[in-house]
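As provided, coords38.cif (mmCIF, C-alpha atoms) reads as follows.
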data_start
#
loop_
_atom_site.label_atom_id
_atom_site.label_comp_id
_atom_site.auth_asym_id
_atom_site.auth_seq_id
_atom_site.Cartn_x
_atom_site.Cartn_y
_atom_site.Cartn_z
CA MET A 261 -42.02 5.80 31.41
CA ALA A 262 -43.70 8.74 29.75
CA THR A 263 -46.97 8.07 27.95
CA THR A 264 -46.48 10.12 24.79
CA ASN A 265 -45.53 8.33 21.59
CA ILE A 266 -41.81 8.93 21.27
CA GLY A 267 -41.83 8.07 17.57
CA ALA A 268 -44.33 10.75 16.55
CA LEU A 269 -42.82 13.30 18.93
CA LEU A 270 -39.28 12.70 17.72
CA LEU A 271 -40.33 12.73 14.07
CA GLY A 272 -41.92 16.16 14.46
CA GLU A 273 -38.95 17.54 16.38
CA LEU A 274 -36.46 16.18 13.85
CA GLN A 275 -38.39 17.74 10.98
CA ALA A 276 -38.46 21.09 12.81
CA LEU A 277 -34.72 20.84 13.58
CA SER A 278 -33.99 19.97 9.96
CA ALA A 279 -36.02 22.92 8.69
CA GLU A 280 -34.39 25.33 11.16
CA ALA A 281 -30.87 24.15 10.29
CA ARG A 282 -31.49 24.01 6.55
CA ARG A 283 -29.29 26.87 5.31
CA LYS A 284 -26.70 27.68 7.93
CA HIS A 285 -26.10 24.20 9.33
CA PRO A 286 -26.46 21.58 6.58
CA GLU A 287 -24.65 18.96 8.70
CA ILE A 288 -27.44 19.16 11.30
CA LYS A 289 -30.07 18.90 8.57
CA GLU A 290 -28.37 15.80 7.11
CA ALA A 291 -27.99 14.15 10.53
CA ALA A 292 -31.66 14.84 11.32
CA GLU A 293 -32.74 13.36 8.00
CA ARG A 294 -30.66 10.21 8.64
CA VAL A 295 -32.42 9.72 11.98
CA ILE A 296 -35.81 10.35 10.33
CA VAL A 297 -35.04 7.49 7.94
CA VAL A 298 -34.09 5.26 10.88
CA LEU A 299 -37.25 6.27 12.74
CA ARG A 300 -39.49 5.56 9.76
CA GLY A 301 -37.86 2.15 9.40
CA ILE A 302 -38.91 1.09 12.89
CA ALA A 303 -41.83 -1.32 12.64
CA ALA A 304 -42.71 -1.14 16.35
CA THR A 305 -45.80 0.79 17.38
CA SER A 306 -45.57 1.15 21.16
CA SER A 307 -43.41 3.86 22.70
CA GLY A 308 -41.51 1.28 24.73
CA GLU A 309 -40.60 -0.78 21.68
CA ILE A 310 -39.67 2.32 19.67
CA ALA A 311 -37.50 3.62 22.52
CA LYS A 312 -35.75 0.26 22.77
CA GLU A 313 -34.93 0.29 19.05
CA LEU A 314 -33.77 3.91 19.21
CA ALA A 315 -31.52 3.10 22.17
CA ALA A 316 -29.81 0.45 20.05
CA SER A 317 -28.41 3.14 17.77
CA ASP A 318 -25.74 5.67 18.71
CA GLU A 319 -26.71 7.76 15.67
CA VAL A 320 -30.02 8.87 17.19
CA ILE A 321 -28.45 11.63 19.30
CA SER A 322 -26.14 12.95 16.56
CA PRO A 323 -28.42 15.72 15.21
CA PHE A 324 -29.02 16.94 18.75
CA VAL A 325 -25.33 16.89 19.63
CA LEU A 326 -24.61 18.89 16.48
CA GLY A 327 -27.48 21.26 17.30
CA CYS A 328 -26.01 21.93 20.73
CA LYS A 329 -22.50 22.39 19.34
CA SER A 330 -23.76 24.95 16.83
CA SER A 331 -23.99 27.56 19.65
CA ASN A 332 -27.19 28.78 18.00
CA HIS A 333 -29.64 29.31 20.86
CA LYS A 334 -32.71 28.16 18.94
CA LEU A 335 -31.05 25.00 17.60
CA ALA A 336 -29.54 24.25 21.01
CA ALA A 337 -32.89 24.74 22.77
CA MET A 338 -34.62 22.41 20.32
CA SER A 339 -31.84 19.86 20.68
CA VAL A 340 -31.85 19.95 24.48
CA GLN A 341 -35.64 19.51 24.45
CA CYS A 342 -35.29 16.44 22.22
CA LEU A 343 -32.51 14.98 24.34
CA GLN A 344 -34.75 15.42 27.38
CA GLN A 345 -37.54 13.49 25.65
CA LEU A 346 -35.16 10.74 24.56
CA ILE A 347 -33.82 10.40 28.10
CA SER A 348 -37.29 10.35 29.66
CA HIS A 349 -38.26 7.51 27.31
CA ARG A 350 -34.95 5.70 27.89
CA ALA A 351 -34.23 5.99 24.16
CA VAL A 352 -30.58 7.03 24.47
CA SER A 353 -27.98 4.35 23.94
CA PRO A 354 -26.05 3.63 27.15
CA ARG A 355 -22.90 4.07 25.04
CA SER A 356 -23.99 7.66 24.29
CA ILE A 357 -24.54 8.83 27.88
CA ALA A 358 -21.05 10.27 28.33
CA GLN A 359 -21.33 12.12 25.01
CA THR A 360 -24.77 13.43 26.03
CA LEU A 361 -23.41 14.81 29.32
CA SER A 362 -20.45 16.36 27.53
CA THR A 363 -22.80 17.98 25.03
CA LEU A 364 -25.00 19.38 27.80
CA ASN A 365 -21.91 20.86 29.41
CA THR A 366 -21.20 22.83 26.23
CA VAL A 367 -24.59 24.59 26.23
CA ILE A 368 -24.97 25.64 29.86
CA HIS A 369 -23.95 29.19 29.00
CA LEU A 370 -26.70 29.67 26.38
CA GLY A 371 -29.50 30.69 28.73
CA VAL A 372 -31.66 30.00 31.74
CA ASP A 373 -34.23 28.03 29.73
CA ILE A 374 -31.55 25.60 28.61
CA GLN A 375 -30.06 25.41 32.11
CA VAL A 376 -33.44 24.44 33.57
CA LYS A 377 -33.89 21.74 30.91
CA ILE A 378 -30.44 20.36 31.70
CA LEU A 379 -31.30 20.15 35.37
CA GLN A 380 -34.52 18.35 34.47
CA MET A 381 -32.44 15.78 32.59
CA VAL A 382 -29.61 15.00 34.99
CA LEU A 383 -31.60 13.12 37.65
CA PRO A 384 -33.52 10.91 35.18
CA LEU A 385 -30.29 10.26 33.30
CA VAL A 386 -28.52 9.09 36.44
CA THR A 387 -31.45 7.08 37.83
CA MET A 388 -33.03 5.60 34.69
CA TYR A 389 -29.72 4.43 33.28
CA ASP A 390 -28.82 2.58 36.46
CA GLY A 391 -25.58 0.70 36.02
CA CYS A 392 -24.52 2.84 33.04
CA VAL A 393 -23.73 6.05 34.90
CA PHE A 394 -20.74 5.48 37.15
CA GLY A 395 -17.13 6.55 37.48
CA GLU A 396 -16.17 9.43 35.18
CA THR A 397 -19.68 9.63 33.73
CA LEU A 398 -21.18 10.12 37.18
CA VAL A 399 -18.50 12.71 37.98
CA ASP A 400 -19.47 14.55 34.77
CA ALA A 401 -23.14 14.57 35.87
CA PHE A 402 -22.21 16.01 39.27
CA HIS A 403 -19.88 18.53 37.63
CA LEU A 404 -22.74 19.70 35.44
CA CYS A 405 -24.95 20.27 38.50
CA LEU A 406 -22.16 22.06 40.35
CA ALA A 407 -21.53 24.34 37.38
CA LEU A 408 -25.23 25.17 37.27
CA GLN A 409 -25.31 25.81 41.00
CA LYS A 410 -23.01 28.77 40.32
CA SER A 411 -25.65 30.32 38.08
CA ARG A 412 -26.75 33.86 38.83
CA ASP A 413 -30.36 32.90 38.31
CA PRO A 414 -31.84 31.84 41.67
CA VAL A 415 -34.18 29.25 40.13
CA VAL A 416 -31.29 27.48 38.40
CA SER A 417 -28.94 27.83 41.36
CA ASN A 418 -31.45 26.54 43.93
CA THR A 419 -32.60 23.68 41.72
CA ALA A 420 -29.03 22.60 41.10
CA ALA A 421 -28.30 22.64 44.83
#
Before anything else, please render the file you have as structure tokens.
Amino acid sequence: MATTNIGALLLGELQALSAEARRKHPEIKEAAERVIVVLRGIAATSSGEIAKELAASDEVISPFVLGCKSSNHKLAAMSVQCLQQLISHRAVSPRSIAQTLSTLNTVIHLGVDIQVKILQMVLPLVTMYDGCVFGETLVDAFHLCLALQKSRDPVVSNTAA
């Protein structure tokens, strides 16, 4: 597990996402603020305990899903970064894994930086959520890698291979 405090990291990222989405994407701002309230209500202090409580809620990924669906590169990049942190801390609900993969599939066209982040997420997602990623969800993860293997950027293409 990563050593950074997921609570403080996520709080800062949610505040930045909320500020960035303020005018043009009020639904993202509202979703981020709902998760900030949830995060502030968590009494746990260790990253592991915080991640466990975050993983109990499907709502935690909603601002990031909306950020990715906005097709705004900056919001999508911030959202993908946050999803990567949530995954690395095992703070994504197992019920939300399929939605997370679907969301990542919608942003692969937004740039090489996002493509690299997606590739950095797929392996931990499949391995850390052992028993949760199988069947159609596993096929979606492989499909994501195969789609990225077709990238024109050699770094993305070779990493996906």
message = Can you spell out as a PyMOL selection string the set of residues that the PyMOL selection byres ((chain A and resi 287-300) around 10) selects in the structure I just provided?
response = chain A and resi 267-268+270-286+301-304+310+313-314+317+319-330+335
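Remark: for A:Leu364, the closest of the candidate residues A:Ser348, A:Thr305, A:Ser339, A:Thr387 is A:Ser339 (distances computed over all atoms listed in the file).
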query = Where does the PyMOL selection byres ((chain A and resi 398) around 12) land in this file, that is, which residues does it pick, as a list in words?
reply =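 Given this file, the PyMOL selection byres ((chain A and resi 398) around 12) evaluates to Ile357, Ala358, Leu361, Ser362, Val382, Leu383, Leu385, Val386, Thr387, Tyr389, Asp390, Gly391, Cys392, Val393, Phe394, Gly395, Glu396, Thr397, Val399, Asp400, Ala401, Phe402, His403, Leu404 and Cys405 of chain A.
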ask   = Suppose you want the space between atom CA of A:Lys334 and atom CA of A:Ile266; what is it in Å?
value =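 Between atom CA of A:Lys334 and atom CA of A:Ile266 the gap is 21.4 Å.
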Pairwise distance for atom CA of A:Gly371 and atom CA of A:Cys342, rounded to one decimal in Å =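 Those two atoms sit 16.7 Å apart.
Applied to this file, the PyMOL selection byres ((chain A and resi 417) around 10) selects the residues Gln375, Val376, Cys405, Leu406, Ala407, Leu408, Gln409, Lys410, Ser411, Arg412, Asp413, Pro414, Val415, Val416, Asn418, Thr419, Ala420 and Ala421 of chain A.
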ask   = If you measure from atom CA of A:Ser307 to atom CA of A:Leu379, what distance in Å do you get, rounded to one decimal?
value =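 One can read the atom CA of A:Ser307 to atom CA of A:Leu379 distance as 23.9 Å.
Proximity of A:Ala336, A:Ala316, A:Leu269, A:Ala311 to A:Asp373, computed with all atoms listed in the file, is greatest for A:Ala336.
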query = A:Val352, A:Ala315, A:Ile368, A:Ile374: which is nearest A:Ala337, counting all atoms listed in the file?
reply =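 Result for the nearest residue to A:Ala337: A:Ile374.
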task = Name the closest residue to A:His349 among the candidates A:Gln380, A:Asn265, A:Thr363, A:Asn332; distances are taken between atoms, counting all atoms listed in the file.
result =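 The answer is A:Asn265, which sits nearest to A:His349.
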Can you complete the atoms of stretch 381-407 of chain A to N, CA and C atoms and list them as an mmCIF file, in the coordinates of the input?
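As written to disk, part_5.cif reads:
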data_model
loop_
_atom_site.group_PDB
_atom_site.id
_atom_site.type_symbol
_atom_site.label_atom_id
_atom_site.label_comp_id
_atom_site.auth_asym_id
_atom_site.auth_seq_id
_atom_site.Cartn_x
_atom_site.Cartn_y
_atom_site.Cartn_z
ATOM 1 N N MET A 381 -32.943 17.003 33.212
ATOM 2 C CA MET A 381 -32.440 15.780 32.590
ATOM 3 C C MET A 381 -31.476 14.992 33.457
ATOM 4 N N VAL A 382 -30.711 15.661 34.288
ATOM 5 C CA VAL A 382 -29.610 15.000 34.990
ATOM 6 C C VAL A 382 -30.113 13.882 35.908
ATOM 7 N N LEU A 383 -31.112 14.149 36.733
ATOM 8 C CA LEU A 383 -31.600 13.120 37.650
ATOM 9 C C LEU A 383 -32.162 11.907 36.913
ATOM 10 N N PRO A 384 -33.058 12.092 35.921
ATOM 11 C CA PRO A 384 -33.520 10.910 35.180
ATOM 12 C C PRO A 384 -32.384 10.163 34.476
ATOM 13 N N LEU A 385 -31.418 10.898 33.973
ATOM 14 C CA LEU A 385 -30.290 10.260 33.300
ATOM 15 C C LEU A 385 -29.521 9.359 34.265
ATOM 16 N N VAL A 386 -29.284 9.858 35.454
ATOM 17 C CA VAL A 386 -28.520 9.090 36.440
ATOM 18 C C VAL A 386 -29.348 7.927 36.990
ATOM 19 N N THR A 387 -30.641 8.126 37.208
ATOM 20 C CA THR A 387 -31.450 7.080 37.830
ATOM 21 C C THR A 387 -32.011 6.061 36.835
ATOM 22 N N MET A 388 -32.428 6.517 35.664
ATOM 23 C CA MET A 388 -33.030 5.600 34.690
ATOM 24 C C MET A 388 -32.005 4.722 33.982
ATOM 25 N N TYR A 389 -30.786 5.196 33.926
ATOM 26 C CA TYR A 389 -29.720 4.430 33.280
ATOM 27 C C TYR A 389 -28.843 3.805 34.354
ATOM 28 N N ASP A 390 -29.493 3.222 35.334
ATOM 29 C CA ASP A 390 -28.820 2.580 36.460
ATOM 30 C C ASP A 390 -27.809 1.551 35.943
ATOM 31 N N GLY A 391 -26.620 1.617 36.449
ATOM 32 C CA GLY A 391 -25.580 0.700 36.020
ATOM 33 C C GLY A 391 -24.761 1.225 34.847
ATOM 34 N N CYS A 392 -25.246 2.257 34.181
ATOM 35 C CA CYS A 392 -24.520 2.840 33.040
ATOM 36 C C CYS A 392 -23.822 4.130 33.419
ATOM 37 N N VAL A 393 -24.299 4.766 34.482
ATOM 38 C CA VAL A 393 -23.730 6.050 34.900
ATOM 39 C C VAL A 393 -22.941 5.810 36.185
ATOM 40 N N PHE A 394 -21.637 5.696 36.024
ATOM 41 C CA PHE A 394 -20.740 5.480 37.150
ATOM 42 C C PHE A 394 -19.372 6.017 36.775
ATOM 43 N N GLY A 395 -18.488 6.092 37.741
ATOM 44 C CA GLY A 395 -17.130 6.550 37.480
ATOM 45 C C GLY A 395 -17.091 7.949 36.899
ATOM 46 N N GLU A 396 -16.341 8.119 35.815
ATOM 47 C CA GLU A 396 -16.170 9.430 35.180
ATOM 48 C C GLU A 396 -17.493 10.012 34.686
ATOM 49 N N THR A 397 -18.387 9.154 34.221
ATOM 50 C CA THR A 397 -19.680 9.630 33.730
ATOM 51 C C THR A 397 -20.498 10.232 34.866
ATOM 52 N N LEU A 398 -20.485 9.592 36.022
ATOM 53 C CA LEU A 398 -21.180 10.120 37.180
ATOM 54 C C LEU A 398 -20.535 11.427 37.653
ATOM 55 N N VAL A 399 -19.219 11.476 37.627
ATOM 56 C CA VAL A 399 -18.500 12.710 37.980
ATOM 57 C C VAL A 399 -18.915 13.837 37.034
ATOM 58 N N ASP A 400 -19.050 13.539 35.742
ATOM 59 C CA ASP A 400 -19.470 14.550 34.770
ATOM 60 C C ASP A 400 -20.888 15.064 35.086
ATOM 61 N N ALA A 401 -21.774 14.163 35.503
ATOM 62 C CA ALA A 401 -23.140 14.570 35.870
ATOM 63 C C ALA A 401 -23.116 15.498 37.083
ATOM 64 N N PHE A 402 -22.323 15.155 38.088
ATOM 65 C CA PHE A 402 -22.210 16.010 39.270
ATOM 66 C C PHE A 402 -21.555 17.349 38.920
ATOM 67 N N HIS A 403 -20.552 17.303 38.065
ATOM 68 C CA HIS A 403 -19.880 18.530 37.630
ATOM 69 C C HIS A 403 -20.860 19.472 36.942
ATOM 70 N N LEU A 404 -21.723 18.909 36.132
ATOM 71 C CA LEU A 404 -22.740 19.700 35.440
ATOM 72 C C LEU A 404 -23.648 20.401 36.453
ATOM 73 N N CYS A 405 -24.095 19.668 37.464
ATOM 74 C CA CYS A 405 -24.950 20.270 38.500
ATOM 75 C C CYS A 405 -24.197 21.339 39.291
ATOM 76 N N LEU A 406 -22.943 21.071 39.614
ATOM 77 C CA LEU A 406 -22.160 22.060 40.350
ATOM 78 C C LEU A 406 -21.936 23.328 39.529
ATOM 79 N N ALA A 407 -21.698 23.172 38.248
ATOM 80 C CA ALA A 407 -21.530 24.340 37.380
ATOM 81 C C ALA A 407 -22.823 25.149 37.325
#
